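Q: Below is the file query.cif, which contains mmCIF, C-alpha atoms.
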data_protein
loop_
_atom_site.group_PDB
_atom_site.id
_atom_site.type_symbol
_atom_site.label_atom_id
_atom_site.label_comp_id
_atom_site.auth_asym_id
_atom_site.auth_seq_id
_atom_site.Cartn_x
_atom_site.Cartn_y
_atom_site.Cartn_z
ATOM 1 C CA MET A 6 76.782 151.852 -54.376
ATOM 2 C CA PRO A 7 79.813 153.936 -53.302
ATOM 3 C CA LEU A 8 79.057 156.851 -51.077
ATOM 4 C CA ALA A 9 80.151 160.225 -52.378
ATOM 5 C CA THR A 10 82.376 162.203 -50.056
ATOM 6 C CA PRO A 11 80.716 165.588 -49.495
ATOM 7 C CA PRO A 12 82.721 168.717 -50.164
ATOM 8 C CA PRO A 13 83.903 170.690 -47.130
ATOM 9 C CA SER A 14 81.074 172.711 -45.701
ATOM 10 C CA PRO A 15 81.464 176.497 -45.690
ATOM 11 C CA PRO A 16 81.975 178.311 -42.398
ATOM 12 C CA LEU A 17 78.734 178.362 -40.456
ATOM 13 C CA ARG A 18 77.298 181.698 -39.415
ATOM 14 C CA ALA A 19 74.616 182.332 -36.849
ATOM 15 C CA SER A 20 71.286 183.156 -38.418
ATOM 16 C CA PRO A 21 70.080 186.678 -37.703
ATOM 17 C CA ILE A 22 67.208 187.022 -35.306
ATOM 18 C CA GLY A 23 63.945 186.582 -37.128
ATOM 19 C CA MET A 24 65.194 183.921 -39.560
ATOM 20 C CA GLY A 25 63.515 180.527 -39.292
ATOM 21 C CA PRO A 26 60.453 178.586 -40.463
ATOM 22 C CA SER A 27 57.872 180.650 -42.330
ATOM 23 C CA ARG A 28 55.192 180.416 -39.693
ATOM 24 C CA ASP A 29 53.578 182.199 -36.797
ATOM 25 C CA LEU A 30 54.146 179.747 -33.932
ATOM 26 C CA SER A 31 51.512 181.191 -31.616
ATOM 27 C CA LEU A 32 48.946 181.020 -34.415
ATOM 28 C CA ALA A 33 49.976 177.436 -35.205
ATOM 29 C CA LYS A 34 49.426 176.469 -31.559
ATOM 30 C CA GLN A 35 46.016 178.119 -31.571
ATOM 31 C CA ALA A 36 45.105 176.277 -34.770
ATOM 32 C CA PHE A 37 46.069 172.946 -33.205
ATOM 33 C CA GLU A 38 44.019 173.593 -30.062
ATOM 34 C CA GLU A 39 40.971 174.498 -32.183
ATOM 35 C CA ARG A 40 41.736 171.869 -34.866
ATOM 36 C CA ASP A 41 41.300 174.686 -37.392
ATOM 37 C CA ILE A 42 42.925 173.633 -40.678
ATOM 38 C CA ALA A 43 42.421 177.028 -42.329
ATOM 39 C CA LEU A 44 44.079 178.763 -39.388
ATOM 40 C CA MET A 45 46.946 176.258 -39.489
ATOM 41 C CA ILE A 46 47.550 177.003 -43.183
ATOM 42 C CA LYS A 47 47.383 180.710 -42.437
ATOM 43 C CA SER A 48 49.996 180.347 -39.674
ATOM 44 C CA HIS A 49 52.460 178.991 -42.262
ATOM 45 C CA ASP A 50 51.875 181.814 -44.721
ATOM 46 C CA SER A 51 55.203 183.646 -44.942
ATOM 47 C CA SER A 52 53.514 186.672 -46.514
ATOM 48 C CA MET A 53 51.830 187.477 -43.201
ATOM 49 C CA GLY A 54 53.114 190.452 -41.262
ATOM 50 C CA GLY A 55 54.548 190.057 -37.773
ATOM 51 C CA GLN A 56 56.721 187.024 -38.558
ATOM 52 C CA GLN A 57 59.878 188.945 -37.705
ATOM 53 C CA GLU A 58 58.536 189.787 -34.251
ATOM 54 C CA GLN A 59 57.432 186.208 -33.632
ATOM 55 C CA HIS A 60 60.861 184.694 -34.257
ATOM 56 C CA ALA A 61 62.674 187.459 -32.455
ATOM 57 C CA GLY A 62 60.968 186.296 -29.260
ATOM 58 C CA ASN A 63 61.930 182.648 -29.614
ATOM 59 C CA ILE A 64 65.177 182.995 -27.658
ATOM 60 C CA GLY A 65 63.454 184.535 -24.660
ATOM 61 C CA GLU A 66 60.625 182.033 -24.938
ATOM 62 C CA GLY A 67 63.175 179.209 -25.025
ATOM 63 C CA LEU A 68 64.886 180.502 -21.885
ATOM 64 C CA MET A 69 61.549 180.608 -20.093
ATOM 65 C CA THR A 70 60.645 177.124 -21.310
ATOM 66 C CA ASN A 71 63.966 175.726 -20.108
ATOM 67 C CA SER A 72 63.279 177.121 -16.627
ATOM 68 C CA ILE A 73 59.769 175.688 -16.298
ATOM 69 C CA LYS A 74 61.032 172.342 -15.014
ATOM 70 C CA SER A 75 63.184 173.985 -12.341
ATOM 71 C CA LEU A 76 60.382 176.375 -11.369
ATOM 72 C CA ILE A 77 57.779 173.638 -10.961
ATOM 73 C CA PHE A 78 60.168 171.101 -9.444
ATOM 74 C CA GLY A 79 61.591 173.553 -6.908
ATOM 75 C CA GLY A 80 58.220 175.054 -6.005
ATOM 76 C CA LEU A 81 56.434 171.733 -5.615
ATOM 77 C CA ASP A 82 59.207 170.177 -3.547
ATOM 78 C CA GLY A 83 59.527 173.303 -1.398
ATOM 79 C CA ILE A 84 55.880 173.695 -0.536
ATOM 80 C CA ILE A 85 55.143 170.011 0.040
ATOM 81 C CA THR A 86 58.324 169.280 2.008
ATOM 82 C CA THR A 87 57.834 172.232 4.357
ATOM 83 C CA PHE A 88 54.117 171.534 4.722
ATOM 84 C CA ALA A 89 54.774 167.852 5.424
ATOM 85 C CA ILE A 90 57.228 168.725 8.201
ATOM 86 C CA ILE A 91 54.718 171.078 9.802
ATOM 87 C CA CYS A 92 51.996 168.425 9.531
ATOM 88 C CA ALA A 93 54.211 165.734 11.061
ATOM 89 C CA ALA A 94 55.300 168.051 13.888
ATOM 90 C CA VAL A 95 51.720 169.120 14.632
ATOM 91 C CA GLY A 96 50.560 165.514 14.468
ATOM 92 C CA ALA A 97 53.253 164.623 16.978
ATOM 93 C CA ASP A 98 52.012 167.493 19.199
ATOM 94 C CA PHE A 99 55.299 169.376 19.152
ATOM 95 C CA SER A 100 55.389 172.890 20.543
ATOM 96 C CA HIS A 101 54.796 175.881 18.289
ATOM 97 C CA LYS A 102 58.434 176.929 18.652
ATOM 98 C CA THR A 103 59.698 173.462 17.691
ATOM 99 C CA VAL A 104 57.509 173.402 14.588
ATOM 100 C CA ILE A 105 58.836 176.771 13.397
ATOM 101 C CA VAL A 106 62.481 175.846 14.040
ATOM 102 C CA MET A 107 62.184 172.503 12.221
ATOM 103 C CA ALA A 108 60.332 173.966 9.251
ATOM 104 C CA THR A 109 62.682 176.942 8.864
ATOM 105 C CA ALA A 110 65.852 174.865 9.130
ATOM 106 C CA ASN A 111 64.525 172.385 6.590
ATOM 107 C CA LEU A 112 63.398 175.148 4.222
ATOM 108 C CA VAL A 113 66.817 176.806 4.034
ATOM 109 C CA ALA A 114 68.941 173.643 4.018
ATOM 110 C CA ASP A 115 66.778 171.803 1.515
ATOM 111 C CA ALA A 116 66.582 174.835 -0.795
ATOM 112 C CA ILE A 117 70.389 175.032 -0.928
ATOM 113 C CA SER A 118 70.666 171.300 -1.526
ATOM 114 C CA MET A 119 67.974 171.258 -4.217
ATOM 115 C CA GLY A 120 69.337 174.286 -6.071
ATOM 116 C CA PHE A 121 72.904 173.039 -6.031
ATOM 117 C CA GLY A 122 71.847 169.512 -6.956
ATOM 118 C CA ASP A 123 69.747 170.728 -9.878
ATOM 119 C CA ALA A 124 72.649 172.809 -11.191
ATOM 120 C CA LEU A 125 75.118 169.919 -10.940
ATOM 121 C CA SER A 126 72.797 167.417 -12.593
ATOM 122 C CA GLU A 127 72.011 169.830 -15.444
ATOM 123 C CA LYS A 128 75.704 170.576 -15.905
ATOM 124 C CA ALA A 129 76.560 166.878 -16.055
ATOM 125 C CA GLU A 130 73.864 166.304 -18.682
ATOM 126 C CA MET A 131 74.942 169.291 -20.774
ATOM 127 C CA ASP A 132 78.617 168.299 -20.564
ATOM 128 C CA PHE A 133 77.741 164.794 -21.752
ATOM 129 C CA VAL A 134 75.719 166.123 -24.705
ATOM 130 C CA ARG A 135 78.551 168.513 -25.605
ATOM 131 C CA ARG A 136 81.102 165.677 -25.564
ATOM 132 C CA GLU A 137 78.904 163.585 -27.848
ATOM 133 C CA TRP A 138 78.474 166.565 -30.176
ATOM 134 C CA ASN A 139 82.231 167.108 -30.353
ATOM 135 C CA ARG A 140 82.813 163.401 -31.000
ATOM 136 C CA GLU A 141 80.242 163.211 -33.791
ATOM 137 C CA SER A 142 81.601 166.420 -35.347
ATOM 138 C CA TRP A 143 85.140 165.037 -35.264
ATOM 139 C CA GLU A 144 84.030 161.750 -36.830
ATOM 140 C CA MET A 145 82.196 163.686 -39.556
ATOM 141 C CA ASP A 146 85.371 165.662 -40.280
ATOM 142 C CA GLU A 147 87.650 162.627 -40.382
ATOM 143 C CA ASN A 148 85.369 159.937 -41.819
ATOM 144 C CA PRO A 149 82.343 161.426 -43.612
ATOM 145 C CA ASP A 150 81.747 158.292 -45.698
ATOM 146 C CA GLY A 151 81.536 156.181 -42.562
ATOM 147 C CA GLU A 152 79.100 158.564 -40.901
ATOM 148 C CA ILE A 153 76.888 158.704 -43.987
ATOM 149 C CA LYS A 154 76.917 154.900 -44.225
ATOM 150 C CA GLU A 155 75.965 154.625 -40.573
ATOM 151 C CA MET A 156 73.031 156.984 -41.070
ATOM 152 C CA VAL A 157 71.956 155.125 -44.225
ATOM 153 C CA GLU A 158 71.721 151.936 -42.150
ATOM 154 C CA LEU A 159 69.562 153.706 -39.569
ATOM 155 C CA TYR A 160 67.310 155.092 -42.295
ATOM 156 C CA ILE A 161 66.914 151.626 -43.809
ATOM 157 C CA GLU A 162 65.967 150.248 -40.377
ATOM 158 C CA ALA A 163 63.297 152.958 -40.210
ATOM 159 C CA GLY A 164 61.806 151.795 -43.510
ATOM 160 C CA VAL A 165 63.467 154.173 -46.004
ATOM 161 C CA SER A 166 64.778 152.561 -49.192
ATOM 162 C CA GLU A 167 68.564 152.389 -49.578
ATOM 163 C CA LYS A 168 68.548 154.585 -52.689
ATOM 164 C CA ASP A 169 66.414 157.273 -51.054
ATOM 165 C CA ALA A 170 68.498 157.139 -47.877
ATOM 166 C CA ILE A 171 71.745 157.623 -49.825
ATOM 167 C CA ASP A 172 70.265 160.475 -51.882
ATOM 168 C CA ILE A 173 68.927 162.243 -48.790
ATOM 169 C CA LEU A 174 71.996 161.838 -46.628
ATOM 170 C CA THR A 175 74.673 162.614 -49.218
ATOM 171 C CA THR A 176 72.824 165.859 -49.912
ATOM 172 C CA MET A 177 72.343 166.600 -46.216
ATOM 173 C CA ALA A 178 76.026 165.912 -45.506
ATOM 174 C CA LYS A 179 76.966 168.980 -47.543
ATOM 175 C CA TYR A 180 75.735 170.942 -44.565
ATOM 176 C CA LYS A 181 77.853 169.610 -41.731
ATOM 177 C CA LYS A 182 76.214 171.331 -38.769
ATOM 178 C CA PHE A 183 72.716 170.330 -39.844
ATOM 179 C CA PHE A 184 73.872 166.779 -40.585
ATOM 180 C CA VAL A 185 75.497 166.378 -37.159
ATOM 181 C CA GLU A 186 72.401 167.819 -35.451
ATOM 182 C CA HIS A 187 70.260 165.302 -37.313
ATOM 183 C CA MET A 188 72.686 162.493 -36.496
ATOM 184 C CA MET A 189 72.537 163.351 -32.779
ATOM 185 C CA VAL A 190 68.757 162.880 -32.810
ATOM 186 C CA VAL A 191 68.549 159.778 -35.020
ATOM 187 C CA GLU A 192 71.609 157.902 -33.722
ATOM 188 C CA LEU A 193 71.832 159.016 -30.073
ATOM 189 C CA GLY A 194 68.359 160.289 -29.272
ATOM 190 C CA MET A 195 69.796 163.641 -28.119
ATOM 191 C CA MET A 196 69.131 167.199 -29.081
ATOM 192 C CA ALA A 197 72.203 169.112 -30.208
ATOM 193 C CA PRO A 198 73.690 171.603 -27.738
ATOM 194 C CA ASN A 199 71.842 174.895 -27.746
ATOM 195 C CA GLU A 200 73.930 177.997 -27.127
ATOM 196 C CA ASN A 201 70.795 179.873 -26.039
ATOM 197 C CA GLU A 202 69.828 177.261 -23.460
ATOM 198 C CA THR A 203 69.574 178.338 -19.849
ATOM 199 C CA THR A 204 72.821 177.709 -17.973
ATOM 200 C CA PRO A 205 72.890 175.020 -15.237
ATOM 201 C CA TRP A 206 73.561 177.618 -12.562
ATOM 202 C CA THR A 207 70.592 179.687 -13.708
ATOM 203 C CA LYS A 208 68.394 176.611 -13.469
ATOM 204 C CA GLY A 209 69.809 175.901 -10.022
ATOM 205 C CA ALA A 210 69.046 179.466 -8.959
ATOM 206 C CA VAL A 211 65.476 179.136 -10.268
ATOM 207 C CA THR A 212 65.057 175.918 -8.270
ATOM 208 C CA PHE A 213 66.441 177.562 -5.116
ATOM 209 C CA ILE A 214 64.289 180.683 -5.401
ATOM 210 C CA SER A 215 61.164 178.701 -6.283
ATOM 211 C CA PHE A 216 61.788 176.331 -3.364
ATOM 212 C CA VAL A 217 62.163 179.208 -0.896
ATOM 213 C CA LEU A 218 59.196 181.225 -2.203
ATOM 214 C CA PHE A 219 56.690 178.393 -2.313
ATOM 215 C CA GLY A 220 58.167 176.631 0.706
ATOM 216 C CA SER A 221 57.674 179.788 2.752
ATOM 217 C CA VAL A 222 53.906 179.706 2.248
ATOM 218 C CA PRO A 223 53.157 176.990 4.848
ATOM 219 C CA LEU A 224 55.661 178.487 7.287
ATOM 220 C CA ILE A 225 54.430 182.084 6.993
ATOM 221 C CA SER A 226 50.762 181.098 7.130
ATOM 222 C CA TYR A 227 51.452 178.977 10.213
ATOM 223 C CA THR A 228 53.096 181.866 12.081
ATOM 224 C CA LEU A 229 51.196 184.834 10.638
ATOM 225 C CA PHE A 230 48.276 184.793 13.079
ATOM 226 C CA GLU A 231 50.243 183.866 16.170
ATOM 227 C CA ALA A 232 50.472 187.532 17.153
ATOM 228 C CA TYR A 233 46.663 187.660 17.321
ATOM 229 C CA GLY A 234 46.575 184.878 19.890
ATOM 230 C CA ALA A 235 45.344 182.168 17.537
ATOM 231 C CA SER A 236 45.324 178.636 18.908
ATOM 232 C CA GLN A 237 47.593 175.875 17.627
ATOM 233 C CA GLY A 238 44.633 174.294 15.853
ATOM 234 C CA LEU A 239 43.643 177.536 14.127
ATOM 235 C CA LEU A 240 47.229 178.203 13.042
ATOM 236 C CA PHE A 241 47.433 174.729 11.543
ATOM 237 C CA GLY A 242 44.088 175.211 9.804
ATOM 238 C CA MET A 243 45.236 178.496 8.261
ATOM 239 C CA CYS A 244 48.463 176.789 7.185
ATOM 240 C CA CYS A 245 46.495 174.038 5.418
ATOM 241 C CA PHE A 246 44.181 176.557 3.739
ATOM 242 C CA PHE A 247 46.864 178.832 2.312
ATOM 243 C CA THR A 248 49.110 175.917 1.368
ATOM 244 C CA MET A 249 46.349 174.271 -0.648
ATOM 245 C CA ILE A 250 45.688 177.572 -2.444
ATOM 246 C CA ALA A 251 49.391 178.001 -3.248
ATOM 247 C CA THR A 252 49.693 174.395 -4.387
ATOM 248 C CA PHE A 253 46.693 174.790 -6.675
ATOM 249 C CA ALA A 254 48.151 178.028 -8.051
ATOM 250 C CA LEU A 255 51.460 176.306 -8.768
ATOM 251 C CA GLY A 256 49.666 173.541 -10.630
ATOM 252 C CA ALA A 257 47.616 176.087 -12.571
ATOM 253 C CA VAL A 258 50.789 177.907 -13.611
ATOM 254 C CA LYS A 259 52.265 174.595 -14.759
ATOM 255 C CA GLY A 260 49.148 173.889 -16.779
ATOM 256 C CA ARG A 261 49.231 177.344 -18.313
ATOM 257 C CA LEU A 262 52.893 177.078 -19.317
ATOM 258 C CA ALA A 263 52.411 173.561 -20.648
ATOM 259 C CA SER A 264 49.245 174.558 -22.562
ATOM 260 C CA THR A 265 47.112 172.031 -20.649
ATOM 261 C CA SER A 266 44.040 172.460 -18.467
ATOM 262 C CA THR A 267 44.872 174.871 -15.629
ATOM 263 C CA LEU A 268 41.995 173.536 -13.523
ATOM 264 C CA ALA A 269 42.983 169.880 -13.886
ATOM 265 C CA SER A 270 46.662 170.623 -13.366
ATOM 266 C CA GLY A 271 45.937 172.704 -10.259
ATOM 267 C CA ALA A 272 43.618 170.056 -8.814
ATOM 268 C CA LEU A 273 46.186 167.316 -9.425
ATOM 269 C CA MET A 274 48.941 169.318 -7.741
ATOM 270 C CA MET A 275 46.678 170.125 -4.792
ATOM 271 C CA SER A 276 45.759 166.443 -4.428
ATOM 272 C CA ASN A 277 49.426 165.553 -4.392
ATOM 273 C CA GLY A 278 50.077 168.045 -1.594
ATOM 274 C CA ALA A 279 47.043 166.906 0.412
ATOM 275 C CA LEU A 280 48.080 163.249 0.178
ATOM 276 C CA ALA A 281 51.654 163.982 1.269
ATOM 277 C CA ALA A 282 50.484 166.200 4.139
ATOM 278 C CA ALA A 283 47.926 163.696 5.396
ATOM 279 C CA THR A 284 50.514 160.930 5.311
ATOM 280 C CA ALA A 285 53.025 163.060 7.231
ATOM 281 C CA TYR A 286 50.424 164.047 9.838
ATOM 282 C CA LEU A 287 49.320 160.453 10.439
ATOM 283 C CA LEU A 288 52.918 159.254 10.668
ATOM 284 C CA GLY A 289 53.768 162.012 13.145
ATOM 285 C CA TRP A 290 50.707 161.244 15.233
ATOM 286 C CA GLY A 291 51.206 157.481 15.089
ATOM 287 C CA LEU A 292 54.912 157.523 15.913
ATOM 288 C CA ALA A 293 54.428 160.009 18.752
ATOM 289 C CA SER A 294 51.616 157.888 20.169
ATOM 290 C CA ALA A 295 53.733 154.742 19.919
ATOM 291 C CA VAL A 296 56.692 156.359 21.651
ATOM 292 C CA THR A 297 54.445 157.764 24.391
ATOM 293 C CA ALA A 298 52.851 154.372 24.948
ATOM 294 C CA GLN A 299 56.250 152.676 25.143
ATOM 295 C CA HIS A 300 57.482 155.180 27.725
ATOM 296 C CA SER A 301 54.296 154.708 29.760
ATOM 297 C CA SER A 302 54.710 150.929 29.773
ATOM 298 C CA CYS A 303 58.355 151.233 30.834
ATOM 299 C CA ASN A 304 57.358 153.429 33.760
#
Would you mind writing the file out in structure tokens?

A:
Amino acid sequence: MPLATPPPSPPLRASPIGMGPSRDLSLAKQAFEERDIALMIKSHDSSMGGQQEQHAGNIGEGLMTNSIKSLIFGGLDGIITTFAIICAAVGADFSHKTVIVMATANLVADAISMGFGDALSEKAEMDFVRREWNRESWEMDENPDGEIKEMVELYIEAGVSEKDAIDILTTMAKYKKFFVEHMMVVELGMMAPNENETTPWTKGAVTFISFVLFGSVPLISYTLFEAYGASQGLLFGMCCFFTMIATFALGAVKGRLASTSTLASGALMMSNGALAAATAYLLGWGLASAVTAQHSSCN
């Protein structure tokens, strides 16, 4: 069956804020959590008031969602890395001054490296997606029949009949932007570029700030009570206590943002930190003991 060449699509205009699916997204999420079918149907009722407000907030919500990964990744790496260095240094019986210098230097240097690295990796990914989008758009402009045929083959592989696939895709191809977005997902497994997505440098900044803020918790708690004449052991104990609280809080925030159990997420994050810290402490203690024993035998 010959594939009909779609007419040129009209110029695409950005939808005004508030336009989108006829649903209340927050209500739909609540319905899913409660498995409430009546509430789910109600969330899709376009006659309900407040829909305009719901969709107007999607851009801001999307920006926050795009930063969650950087926030959690930067915070977790910052707090555990700094805490692990303090644990290793204490386990090796380094002086209080040495512990502070090592932890501070690592905190600043690693935060810069992590923030910059996150920004570069995000930029590389976004540039790649943009290139693929431009290529698919160009192919759709120059060879629409070929692109429709290619999608028909993918539909058939997914179990759609050839006739239905041709009917669906020749109709969809009248709307170029939507067709290319769909093609990106089905053919390449990529989401189309989003103009409202957080920029790579913003994500890098979030990673840097999160790394510094959470990474400062072990360092500050380790030095906070020094002025009151606390012993090395007490300082380390306070560091462990406050770090575990901060790690749990970070996990709870992750659970809250991801709509999962805050308690389970916090406990898992805290367990991760405790395991890393214990490993670092034992390695510091073991290596220091081995080096000391070797020096004693040589003497």

Q: Can you give me, as a VMD selection string, the residues this file yields under the PyMOL selection byres ((chain A and resi 251) around 10)?

A: chain A and resid 80 to 81 84 219 to 220 222 to 223 245 to 250 252 to 257 271 274 to 275

Q: Given the file above and the PyMOL selection byres ((chain A and resi 97) around 7), which residues are selected, and can you give them as a ChimeraX atom specification?

A: /A:93-96,98-99,289-290,293

Q: Name the residues that the PyMOL selection byres ((chain A and resi 284) around 12) pulls out of this structure, and write them as a VMD selection string.

A: chain A and resid 85 to 86 88 to 93 96 277 to 283 285 to 292

Q: So the first atom is atom CA of Met189 of chain A and the second is atom CA of Ser142 of chain A; what is the distance between them in Å, to one decimal place?

A: 9.9 Å

Q: May I ask which of the residues A:Leu240, A:Met196, A:Met188, A:Ala295 is the closest one to Arg135 of chain A, counting all atoms listed in the file?

A: A:Met196

Q: Any idea what's packed within 10 Å of segment 112-115 of chain A, counting only C-alpha atoms, ignoring anything in its chain fewer than 2 positions away? Could you give it as a list in words?

A: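 Everything that qualifies: Asp82, Gly83, Ile84, Thr86, Thr87, Phe88, Ile90, Val106, Met107, Ala108, Thr109, Ala110, Ile117, Ser118, Met119, Gly120, Phe121, Phe213, Phe216, Val217, Leu218, Phe219, Gly220, Ser221 and Leu224 of chain A.
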
Q: Between A:Val157, A:Ala210, A:Val191, A:Ala178, which one has atoms that come closest to Glu127 of chain A, using all atoms listed in the file?

A: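 Smallest separation from Glu127 of chain A among the options: A:Ala210.
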
Q: Would you please work out which residue, of A:Asn111, A:Thr207, A:Ser226, A:Ser100, is nearest to Leu125 of chain A when using all atoms listed in the file?

A: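 Nearest to Leu125 of chain A: A:Thr207.
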
Q: Taking all atoms of segment 193-199 of chain A that appear in the file, build a box with edges along x, y and z, extend it by 6 Å on every side, and state its centre and edge lengths in Å to one decimal, as AutoDock Vina command-line options.

A:
--center_x 71.0 --center_y 167.0 --center_z -29.0 --size_x 17.3 --size_y 27.9 --size_z 14.5

Q: Report the distance between atom CA of Lys128 of chain A and atom CA of Glu202 of chain A in Å, rounded to one decimal place.

A: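 Atom-to-atom, atom CA of Lys128 of chain A to atom CA of Glu202 of chain A, that is 11.7 Å.
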
Q: Which residue out of A:Ala124, A:Ser75, A:Ala36, A:His49 has the minimum interatomic distance to Thr204 of chain A when all atoms listed in the file are used?

A: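 The answer is A:Ala124, which sits nearest to Thr204 of chain A.
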
Q: What is the distance, in Å and to one decimal place, between atom CA of Asp169 of chain A and atom CA of Met156 of chain A?

A: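 Computed distance, atom CA of Asp169 of chain A to atom CA of Met156 of chain A, equals 12.0 Å.
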
Q: Go through A:Asn148, A:Lys208, A:Met195, A:Trp143 and flag the residue nearest Lys182 of chain A, using only C-alpha atoms for the distances.

A: A:Trp143

Q: So, with all atoms listed in the file as the atoms that count, which of A:Leu273, A:Ile77, A:Met145, A:Ile153 lies closest to Val258 of chain A?

A: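 Nearest candidate to Val258 of chain A out of A:Leu273, A:Ile77, A:Met145, A:Ile153: A:Ile77.
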